[in-house]
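> Supplied structure: work-v6.txt, compact mmCIF, C-alpha atoms.
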```txt
# COMPACT_ATOMS: atom_id res chain seq x y z
CA MET A 1 -3.83 12.40 5.07
CA ILE A 2 -3.60 14.94 7.86
CA THR A 3 -0.98 17.68 7.75
CA LEU A 4 1.40 19.31 10.19
CA LYS A 5 -0.71 22.47 9.91
CA GLU A 6 -3.81 20.59 11.11
CA ILE A 7 -1.89 19.31 14.14
CA GLN A 8 -0.70 22.83 14.95
CA GLU A 9 -4.31 24.06 14.67
CA ALA A 10 -5.41 21.25 16.99
CA ARG A 11 -2.87 22.33 19.55
CA GLN A 12 -4.38 25.81 19.57
CA ARG A 13 -7.93 24.45 19.82
CA ILE A 14 -7.25 22.15 22.79
CA GLN A 15 -4.73 24.22 24.74
CA ASN A 16 -7.24 25.15 27.45
CA VAL A 17 -8.30 21.52 27.99
CA VAL A 18 -5.16 19.34 28.01
CA TYR A 19 -2.00 19.30 30.07
CA GLU A 20 1.53 19.41 28.68
CA THR A 21 2.79 16.16 30.18
CA PRO A 22 6.40 15.68 31.32
CA LEU A 23 9.17 13.42 30.09
CA LEU A 24 10.14 11.14 32.98
CA GLN A 25 13.47 9.38 33.37
CA SER A 26 14.71 6.41 35.38
CA GLU A 27 18.41 5.76 35.62
CA GLN A 28 17.74 2.12 36.45
CA LEU A 29 15.50 1.57 33.43
CA SER A 30 18.03 3.33 31.19
CA ASN A 31 20.84 1.12 32.49
CA LEU A 32 18.77 -2.02 32.00
CA CYS A 33 18.08 -1.30 28.34
CA GLY A 34 21.42 0.31 27.49
CA ASN A 35 19.80 3.51 26.23
CA GLN A 36 18.76 6.87 27.64
CA LEU A 37 15.11 6.10 28.17
CA PHE A 38 12.45 8.80 28.46
CA LEU A 39 8.81 8.16 29.32
CA LYS A 40 6.30 10.59 27.79
CA ALA A 41 3.88 10.63 30.69
CA GLU A 42 0.43 10.73 29.11
CA HIS A 43 -0.80 8.65 32.05
CA LEU A 44 -0.60 11.96 33.94
CA GLN A 45 -2.81 13.61 31.32
CA LYS A 46 -6.32 14.81 32.13
CA THR A 47 -8.70 11.78 32.25
CA GLY A 48 -5.61 9.56 32.54
CA SER A 49 -4.62 9.12 28.90
CA PHE A 50 -3.63 10.78 25.63
CA LYS A 51 -7.17 10.29 24.33
CA ILE A 52 -8.28 13.67 25.68
CA ARG A 53 -6.24 15.30 22.91
CA GLY A 54 -8.10 13.88 19.93
CA ALA A 55 -11.44 13.83 21.73
CA SER A 56 -11.26 17.48 22.74
CA ASN A 57 -10.18 18.52 19.24
CA MET A 58 -13.19 16.83 17.61
CA VAL A 59 -15.80 17.48 20.31
CA ILE A 60 -14.96 21.18 20.49
CA HIS A 61 -15.06 21.40 16.69
CA ALA A 62 -18.44 19.59 16.66
CA ILE A 63 -19.93 21.87 19.32
CA GLU A 64 -18.66 24.95 17.50
CA ASN A 65 -20.64 23.64 14.53
CA GLY A 66 -23.87 23.12 16.48
CA ALA A 67 -23.66 19.59 17.94
CA GLN A 68 -26.18 18.98 20.76
CA HIS A 69 -25.21 15.36 21.59
CA VAL A 70 -22.12 13.21 21.06
CA THR A 71 -21.56 9.45 20.99
CA THR A 72 -18.54 7.22 20.67
CA ALA A 73 -17.35 3.61 20.89
CA SER A 74 -14.42 2.95 23.19
CA SER A 75 -12.66 0.36 25.31
CA GLY A 76 -12.54 3.04 27.96
CA ASN A 77 -10.01 5.86 27.62
CA HIS A 78 -11.51 7.53 24.56
CA GLY A 79 -14.93 7.23 26.12
CA GLN A 80 -13.74 8.93 29.29
CA ALA A 81 -12.24 11.73 27.25
CA VAL A 82 -15.37 12.30 25.16
CA ALA A 83 -17.57 12.27 28.26
CA TYR A 84 -15.28 14.73 30.03
CA VAL A 85 -15.12 17.23 27.18
CA ALA A 86 -18.84 16.94 26.44
CA LYS A 87 -19.70 17.67 30.07
CA LYS A 88 -17.24 20.56 30.15
CA TYR A 89 -19.01 22.11 27.17
CA GLY A 90 -22.51 21.27 28.36
CA VAL A 91 -23.68 18.56 25.94
CA PRO A 92 -24.80 14.98 26.78
CA SER A 93 -22.77 11.94 25.68
CA THR A 94 -23.36 8.22 25.17
CA ILE A 95 -20.37 5.88 25.29
CA VAL A 96 -20.58 2.35 23.81
CA VAL A 97 -18.04 0.08 25.54
CA PRO A 98 -17.17 -3.62 25.08
CA GLU A 99 -18.68 -6.19 27.41
CA ASN A 100 -15.22 -6.77 28.93
CA ALA A 101 -14.27 -3.12 29.49
CA SER A 102 -12.33 -2.38 32.69
CA GLN A 103 -14.68 -1.41 35.48
CA CYS A 104 -12.46 1.51 36.48
CA LYS A 105 -12.90 2.98 33.00
CA ILE A 106 -16.67 2.48 33.08
CA ASN A 107 -16.82 4.15 36.49
CA ALA A 108 -14.80 7.08 35.18
CA ILE A 109 -17.07 7.53 32.13
CA ILE A 110 -20.10 7.65 34.42
CA GLY A 111 -18.25 10.03 36.74
CA TYR A 112 -17.62 12.35 33.81
CA GLY A 113 -21.33 12.39 33.03
CA GLY A 114 -21.43 9.90 30.16
CA GLN A 115 -24.19 7.34 29.65
CA VAL A 116 -22.68 3.85 29.16
CA GLU A 117 -23.97 1.09 26.87
CA LYS A 118 -22.19 -2.27 26.54
CA CYS A 119 -21.95 -3.95 23.13
CA GLY A 120 -19.89 -6.97 22.02
CA THR A 121 -16.15 -7.38 22.47
CA THR A 122 -14.65 -6.00 19.23
CA SER A 123 -14.40 -2.57 17.69
CA GLY A 124 -16.24 -4.01 14.67
CA GLU A 125 -19.29 -4.51 16.91
CA ARG A 126 -19.31 -1.36 19.02
CA LEU A 127 -18.45 1.22 16.36
CA PRO A 128 -21.60 0.65 14.26
CA ARG A 129 -23.76 0.73 17.42
CA ALA A 130 -22.33 4.11 18.44
CA GLN A 131 -22.99 5.45 14.94
CA GLN A 132 -26.55 4.11 15.14
CA ILE A 133 -27.16 5.94 18.42
CA ALA A 134 -25.84 9.15 16.91
CA ASP A 135 -28.22 8.78 13.97
CA GLU A 136 -31.18 8.03 16.23
CA GLN A 137 -30.53 11.02 18.48
CA SER A 138 -29.43 13.44 15.75
CA GLY A 139 -26.04 13.57 17.40
CA ILE A 140 -22.42 13.56 16.27
CA TYR A 141 -20.34 10.37 16.35
CA ILE A 142 -16.81 10.86 17.66
CA PRO A 143 -14.61 8.05 16.25
CA PRO A 144 -11.94 6.65 18.59
CA TYR A 145 -9.14 6.92 16.03
CA ASP A 146 -10.13 6.94 12.35
CA ASP A 147 -10.83 10.64 11.79
CA PRO A 148 -8.61 13.59 10.77
CA LEU A 149 -9.58 15.68 13.81
CA ILE A 150 -8.85 12.80 16.18
CA MET A 151 -5.55 12.02 14.49
CA ALA A 152 -4.50 15.69 14.52
CA GLY A 153 -5.33 16.00 18.21
CA GLN A 154 -3.25 12.95 19.07
CA GLY A 155 -0.41 14.34 16.98
CA THR A 156 0.03 17.18 19.47
CA VAL A 157 1.91 14.66 21.63
CA GLY A 158 4.58 14.60 18.94
CA LEU A 159 4.88 18.39 18.90
CA GLU A 160 5.41 18.41 22.67
CA ILE A 161 8.09 15.72 22.55
CA LEU A 162 10.01 17.64 19.89
CA GLN A 163 10.01 20.74 22.09
CA GLN A 164 10.91 18.89 25.28
CA LEU A 165 13.93 16.92 24.01
CA HIS A 166 16.35 18.31 21.46
CA HIS A 167 18.13 15.11 20.49
CA ILE A 168 15.87 12.12 19.86
CA ASP A 169 16.88 8.94 18.07
CA ALA A 170 13.57 7.08 18.30
CA ILE A 171 10.03 7.39 19.59
CA VAL A 172 8.21 4.16 20.48
CA VAL A 173 4.41 4.25 20.27
CA PRO A 174 1.72 1.64 21.07
CA ILE A 175 -0.68 0.84 18.23
CA GLY A 176 -4.38 0.14 18.62
CA GLY A 177 -6.44 1.64 15.83
CA GLY A 178 -3.55 3.86 14.80
CA GLY A 179 -4.87 7.32 15.67
CA LEU A 180 -2.05 8.11 18.11
CA ILE A 181 0.83 6.84 16.01
CA SER A 182 -0.49 8.35 12.77
CA GLY A 183 -0.69 11.75 14.44
CA ILE A 184 2.79 11.43 15.94
CA LEU A 185 4.20 10.18 12.65
CA THR A 186 2.85 13.23 10.84
CA ALA A 187 4.02 15.71 13.49
CA VAL A 188 7.51 14.24 13.77
CA LYS A 189 8.30 13.08 10.24
CA GLU A 190 7.16 16.38 8.72
CA THR A 191 9.40 18.22 11.20
CA ASN A 192 12.44 15.95 11.58
CA PRO A 193 12.32 12.85 9.36
CA ALA A 194 15.58 11.54 10.84
CA ILE A 195 13.82 10.51 14.05
CA GLN A 196 12.74 6.88 13.91
CA ILE A 197 9.15 6.10 14.85
CA ILE A 198 8.60 2.51 15.92
CA GLY A 199 5.21 1.00 16.65
CA VAL A 200 4.48 -1.75 19.18
CA GLU A 201 1.63 -4.24 19.30
CA PRO A 202 0.93 -7.20 21.58
CA GLU A 203 1.51 -10.54 19.89
CA LEU A 204 -2.15 -11.31 20.61
CA ALA A 205 -3.38 -8.13 18.89
CA ASN A 206 -1.17 -7.93 15.83
CA ASP A 207 -3.65 -6.58 13.26
CA THR A 208 -1.46 -3.69 12.12
CA TYR A 209 1.59 -5.96 11.94
CA LEU A 210 -0.31 -8.38 9.69
CA SER A 211 -1.75 -5.52 7.66
CA LEU A 212 1.72 -4.16 6.96
CA GLN A 213 2.95 -7.65 6.07
CA ASN A 214 0.00 -8.15 3.71
CA GLN A 215 0.16 -4.56 2.39
CA LYS A 216 -3.57 -4.20 3.02
CA ILE A 217 -5.85 -3.78 6.01
CA THR A 218 -6.22 -7.17 7.67
CA ALA A 219 -8.66 -7.97 10.48
CA ILE A 220 -8.06 -10.39 13.34
CA PRO A 221 -10.55 -12.14 15.68
CA ALA A 222 -11.37 -10.74 19.12
CA THR A 223 -8.41 -10.84 21.50
CA ASN A 224 -8.00 -10.95 25.27
CA THR A 225 -4.55 -9.37 25.52
CA ILE A 226 -3.98 -7.69 28.88
CA ALA A 227 -3.23 -4.53 26.88
CA ASP A 228 -6.95 -3.79 26.73
CA GLY A 229 -6.49 -0.39 25.09
CA LEU A 230 -4.97 -2.13 22.05
CA ARG A 231 -7.75 -4.62 21.40
CA THR A 232 -8.81 -3.21 18.04
CA ASN A 233 -9.23 -5.89 15.39
CA GLN A 234 -7.99 -3.87 12.40
CA PRO A 235 -6.26 -0.55 11.66
CA GLY A 236 -8.27 2.42 10.47
CA ASP A 237 -8.88 3.29 6.83
CA LEU A 238 -7.39 6.75 7.40
CA THR A 239 -4.64 5.82 9.85
CA PHE A 240 -3.19 2.89 7.92
CA PRO A 241 -1.95 4.89 4.90
CA VAL A 242 -0.01 7.18 7.26
CA LEU A 243 1.72 4.15 8.77
CA THR A 244 2.59 2.73 5.36
CA LYS A 245 4.12 6.08 4.38
CA TYR A 246 6.11 6.97 7.49
CA LEU A 247 6.51 4.09 9.95
CA ASP A 248 10.10 2.86 10.37
CA ASP A 249 9.35 -0.43 12.10
CA LEU A 250 6.76 -2.35 14.10
CA VAL A 251 7.64 -4.87 16.80
CA LEU A 252 5.58 -7.33 18.82
CA VAL A 253 5.73 -8.04 22.55
CA SER A 254 4.40 -11.02 24.48
CA GLU A 255 2.01 -10.96 27.43
CA ASP A 256 4.85 -11.92 29.78
CA GLU A 257 7.02 -9.11 28.44
CA ILE A 258 4.19 -6.63 28.99
CA ARG A 259 3.77 -7.82 32.58
CA MET A 260 7.49 -7.48 33.24
CA ALA A 261 7.60 -3.93 31.86
CA PHE A 262 4.47 -3.00 33.82
CA SER A 263 6.10 -4.29 37.00
CA PHE A 264 9.45 -2.62 36.32
CA VAL A 265 7.88 0.79 35.78
CA MET A 266 5.83 0.48 38.95
CA GLU A 267 8.80 -0.74 41.01
CA ARG A 268 11.52 1.54 39.69
CA THR A 269 9.59 4.76 38.92
CA LYS A 270 6.59 4.40 41.27
CA GLN A 271 4.29 5.11 38.30
CA LEU A 272 1.11 3.09 37.70
CA ILE A 273 0.67 2.72 33.95
CA GLU A 274 -1.68 0.69 31.77
CA PRO A 275 -0.47 -2.57 30.21
CA SER A 276 -1.06 -0.88 26.85
CA SER A 277 1.56 1.70 27.86
CA ALA A 278 3.91 -1.00 29.14
CA THR A 279 4.19 -2.41 25.62
CA THR A 280 6.55 0.40 24.62
CA VAL A 281 8.77 -0.10 27.65
CA ALA A 282 8.77 -3.85 27.00
CA ALA A 283 9.95 -3.27 23.44
CA VAL A 284 12.98 -1.38 24.73
CA LEU A 285 13.74 -3.58 27.75
CA TYR A 286 13.74 -6.70 25.58
CA ASN A 287 15.85 -5.00 22.88
CA LYS A 288 13.23 -5.41 20.16
CA LEU A 289 14.57 -2.20 18.58
CA ASN A 290 18.17 -3.42 18.31
CA MET A 291 19.44 -0.07 19.63
CA GLN A 292 22.12 0.75 22.17
CA GLY A 293 23.33 4.10 23.49
CA LYS A 294 20.42 6.03 21.94
CA ASN A 295 17.94 8.59 23.22
CA ILE A 296 14.59 6.80 23.11
CA VAL A 297 11.19 8.19 24.07
CA THR A 298 8.56 5.61 24.99
CA LEU A 299 4.97 6.82 24.80
CA ILE A 300 3.18 6.03 28.06
CA SER A 301 -0.32 6.27 26.66
CA GLY A 302 -2.42 5.97 29.81
CA GLY A 303 -2.72 5.04 33.45
CA ASN A 304 -6.31 3.93 33.91
CA VAL A 305 -5.67 0.56 35.53
CA ASP A 306 -8.40 -1.56 37.05
CA LEU A 307 -6.99 -2.00 40.56
CA GLU A 308 -8.80 -5.31 41.03
CA ASN A 309 -6.72 -6.75 38.17
CA ALA A 310 -3.45 -4.95 38.89
CA GLN A 311 -2.13 -7.62 41.26
CA SER A 312 -2.42 -10.30 38.57
CA MET A 313 -0.15 -8.28 36.30
CA ILE A 314 2.69 -7.87 38.78
CA VAL A 315 5.63 -10.25 38.37
CA ASP A 316 9.00 -10.69 40.05
CA THR A 317 11.37 -8.30 38.24
CA ALA A 318 14.37 -10.26 39.50
CA LYS A 319 13.54 -12.83 36.82
CA PHE A 320 14.36 -10.26 34.14
CA SER A 321 17.86 -9.78 35.53
CA GLN A 322 18.35 -13.56 35.67
CA ILE A 323 17.19 -14.01 32.08
CA ASN A 324 19.37 -11.18 30.79
CA SER A 325 22.45 -11.79 32.93
```
What's the structure tokens form of this structure?


Amino acid sequence: MITLKEIQEARQRIQNVVYETPLLQSEQLSNLCGNQLFLKAEHLQKTGSFKIRGASNMVIHAIENGAQHVTTASSGNHGQAVAYVAKKYGVPSTIVVPENASQCKINAIIGYGGQVEKCGTTSGERLPRAQQIADEQSGIYIPPYDDPLIMAGQGTVGLEILQQLHHIDAIVVPIGGGGLISGILTAVKETNPAIQIIGVEPELANDTYLSLQNQKITAIPATNTIADGLRTNQPGDLTFPVLTKYLDDLVLVSEDEIRMAFSFVMERTKQLIEPSSATTVAAVLYNKLNMQGKNIVTLISGGNVDLENAQSMIVDTAKFSQINS
């Protein structure tokens, strides 16, 4: 397992690449959920998501150790981050994306100088292909989540939150492969174990939920949840033990709940966030945490939304008030 020291070292390594993102507040959202709600705004991060943290930590480390080429497999955000950092440090990159990756994310990868290859629809298909390319080109494979350097880089989000808000009752984090939440769990639980860390998955991508229920890593078939950043089909071998050790709870949200949260955040805060990010807001809005009057930080993991699909995700927020009146 990674350590707090490794996360602190990661923060030093990546400090000249990443932004310290703000905690945003909305009085209306707080009133709706009956808690003081804070949004950790990683959608305002460089390349539009938290992924730059882990990617920069591992890519910089790889280059320092002689890497001349990097590859990765990604639904989009991690790929953008790897391409960005690789270009910044002057090495080529190849990014293997799923066939159904958002076009805006593909465009961004290309814009950051990455070469794109499409492969399958699941992480189980694209990860081996990225490793194969690395082997063929004598390069370094940069995993999207299941690596200590990636996990430590993502954990720097947790360190920032602890410094930005003195009293925190809970932090709500979306779960894909588990790199983000495992890093945050380590950073927070090894600093202040009283803070609850709660994971969120879409009902249609509940691999970590099932794995925790079964007490072993459990894979699911390919999914088409609108939370495209959370479409992994199983948790990581390295991330899952951290969750079993530290995670306080994991809740599921429906596609309709994700759409409602997405729409509320856009309408009330004027922030465009990914559906993957909206899962954490949905968990609080729909009282999945069973908390009232608490200080809750929701991790807004990214903001790389395909604008062609954004309209289909917007719903009438008045329906929420009617349902919960």

> Counting all atoms listed in the file, write as a ChimeraX atom specification all protein and nucleic acid residues lying at most 8 Å from (5.2, 15.9, 27.9) in the file's frame.

/A:20-23,40-42,157,160-161,164

> Ranking A:Ile142, A:Leu37, A:Ile181, A:Leu230 by minimum distance to Thr156 in chain A and counting only C-alpha atoms, which one comes first?

A:Ile181

> Go through A:Val242, A:Ala86, A:Leu252, A:Met58 and flag the residue nearest Arg13 in chain A, using all atoms listed in the file for the distances.

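The answer is A:Met58, which sits nearest to Arg13 in chain A.
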
> Within 8 Å of Glu203 in chain A, counting all atoms listed in the file, which residues show up once you throw out same-chain ones fewer than 3 positions away? Write them as number ranges by chain, please.

A: 206, 252-255

> Would you mind listing, for every residue of range 14-87 of chain A within 8 Å of range 263-283 of chain A, the two atoms forming the shortest contact and the distance between them in Å to one decimal, using all atoms listed in the file, sorted by chain and ascending residue number, as a Markdown table?


```
| residue | atom | partner | partner_atom | distance |
| --- | --- | --- | --- | --- |
| A:Ser26 | CA | A:Thr269 | CA | 6.4 |
| A:Gln28 | CA | A:Arg268 | CA | 7.0 |
| A:Leu29 | CA | A:Arg268 | CA | 7.4 |
| A:His43 | CA | A:Ile273 | CA | 6.4 |
```

> Output the selection as a compact mmCIF listing (two decimals), keeping the file's coordinate frame - C-alpha atoms for each residue.


```txt
# COMPACT_ATOMS: atom_id res chain seq x y z
CA SER A 26 14.71 6.41 35.38
CA GLN A 28 17.74 2.12 36.45
CA LEU A 29 15.50 1.57 33.43
CA HIS A 43 -0.80 8.65 32.05
```

> Kindly provide the residues of range 121-218 of chain A that approach range 93-108 of chain A to within 7 Å, each paired with its closest atom pair and their distance in Å to one decimal, based on only C-alpha atoms, listed by chain and increasing number, as a tab-separated table.


```
residue	atom	partner	partner_atom	distance
A:Thr121	CA	A:Pro98	CA	4.7
A:Thr122	CA	A:Pro98	CA	6.8
A:Arg126	CA	A:Val96	CA	6.2
A:Ala130	CA	A:Val96	CA	5.9
```

> List every protein, DNA or RNA residue that has an atom no more than 7 Å from (-13.3, -6.4, 16.1) in the file's coordinate frame, counting all atoms listed in the file, and report them as a list in words.

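With a cut-off of 7 Å, the residues come to Thr122, Ser123, Gly124, Glu125, Pro221, Ala222, Thr232, Asn233 and Gln234 of chain A.
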
> Selection from above, C-alpha atoms, as an mmCIF file, in the coordinates of the input, can you write it?


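part18.cif was written with the following content:
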```
data_model
loop_
_atom_site.group_PDB
_atom_site.id
_atom_site.type_symbol
_atom_site.label_atom_id
_atom_site.label_comp_id
_atom_site.auth_asym_id
_atom_site.auth_seq_id
_atom_site.Cartn_x
_atom_site.Cartn_y
_atom_site.Cartn_z
ATOM 1 C CA THR A 122 -14.650 -6.000 19.230
ATOM 2 C CA SER A 123 -14.400 -2.570 17.690
ATOM 3 C CA GLY A 124 -16.240 -4.010 14.670
ATOM 4 C CA GLU A 125 -19.290 -4.510 16.910
ATOM 5 C CA PRO A 221 -10.550 -12.140 15.680
ATOM 6 C CA ALA A 222 -11.370 -10.740 19.120
ATOM 7 C CA THR A 232 -8.810 -3.210 18.040
ATOM 8 C CA ASN A 233 -9.230 -5.890 15.390
ATOM 9 C CA GLN A 234 -7.990 -3.870 12.400
#
```

> Figure out the distance between CA of Leu238 in chain A and CA of Pro144 in chain A, please, to one decimal in Å.

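Answer for the CA of Pro144 in chain A to CA of Leu238 in chain A separation: 12.1 Å.
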
> One number please: CA of Ser30 in chain A to CA of Tyr286 in chain A, in Å, one decimal.

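One can read the CA of Ser30 in chain A to CA of Tyr286 in chain A distance as 12.3 Å.
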
> Restrict the calculation to all atoms listed in the file, then for each residue of range 130-241 of chain A with any atom at most 12 Å from an atom of range 301-315 of chain A give the closest atom pair and their distance in Å to one decimal, rows by chain and rising residue number, as JSON lines.


```
{"residue": "A:Gln154", "atom": "CA", "partner": "A:Ser301", "partner_atom": "CA", "distance": 10.5}
{"residue": "A:Val157", "atom": "CA", "partner": "A:Ser301", "partner_atom": "CA", "distance": 10.0}
{"residue": "A:Val172", "atom": "CA", "partner": "A:Ser301", "partner_atom": "CA", "distance": 10.7}
{"residue": "A:Val173", "atom": "CA", "partner": "A:Ser301", "partner_atom": "CA", "distance": 8.2}
{"residue": "A:Pro174", "atom": "CA", "partner": "A:Ser301", "partner_atom": "CA", "distance": 7.5}
{"residue": "A:Ile175", "atom": "CA", "partner": "A:Ser301", "partner_atom": "CA", "distance": 10.0}
{"residue": "A:Gly176", "atom": "CA", "partner": "A:Ser301", "partner_atom": "CA", "distance": 10.9}
{"residue": "A:Gly179", "atom": "CA", "partner": "A:Ser301", "partner_atom": "CA", "distance": 11.9}
{"residue": "A:Leu180", "atom": "CA", "partner": "A:Ser301", "partner_atom": "CA", "distance": 8.9}
{"residue": "A:Ile181", "atom": "CA", "partner": "A:Ser301", "partner_atom": "CA", "distance": 10.7}
{"residue": "A:Val200", "atom": "CA", "partner": "A:Ser301", "partner_atom": "CA", "distance": 12.0}
{"residue": "A:Thr225", "atom": "CA", "partner": "A:Met313", "partner_atom": "CA", "distance": 11.7}
{"residue": "A:Ile226", "atom": "CA", "partner": "A:Met313", "partner_atom": "CA", "distance": 8.4}
{"residue": "A:Ala227", "atom": "CA", "partner": "A:Val305", "partner_atom": "CA", "distance": 10.3}
{"residue": "A:Asp228", "atom": "CA", "partner": "A:Val305", "partner_atom": "CA", "distance": 9.9}
{"residue": "A:Gly229", "atom": "CA", "partner": "A:Gly302", "partner_atom": "CA", "distance": 8.9}
{"residue": "A:Leu230", "atom": "CA", "partner": "A:Ser301", "partner_atom": "CA", "distance": 10.7}
```

> Which residue gives the smallest distance to Met291 in chain A among A:Ile198, A:Ala81, A:Gly66, A:Ala73, with all atoms listed in the file counted?

A:Ile198

> For Asp237 in chain A, list every protein, DNA or RNA residue within 8 Å, evaluated using all atoms listed in the file, and leave out those in the same chain fewer than 2 positions away; present the list as a ChimeraX atom specification.

/A:146,217,235,239-241
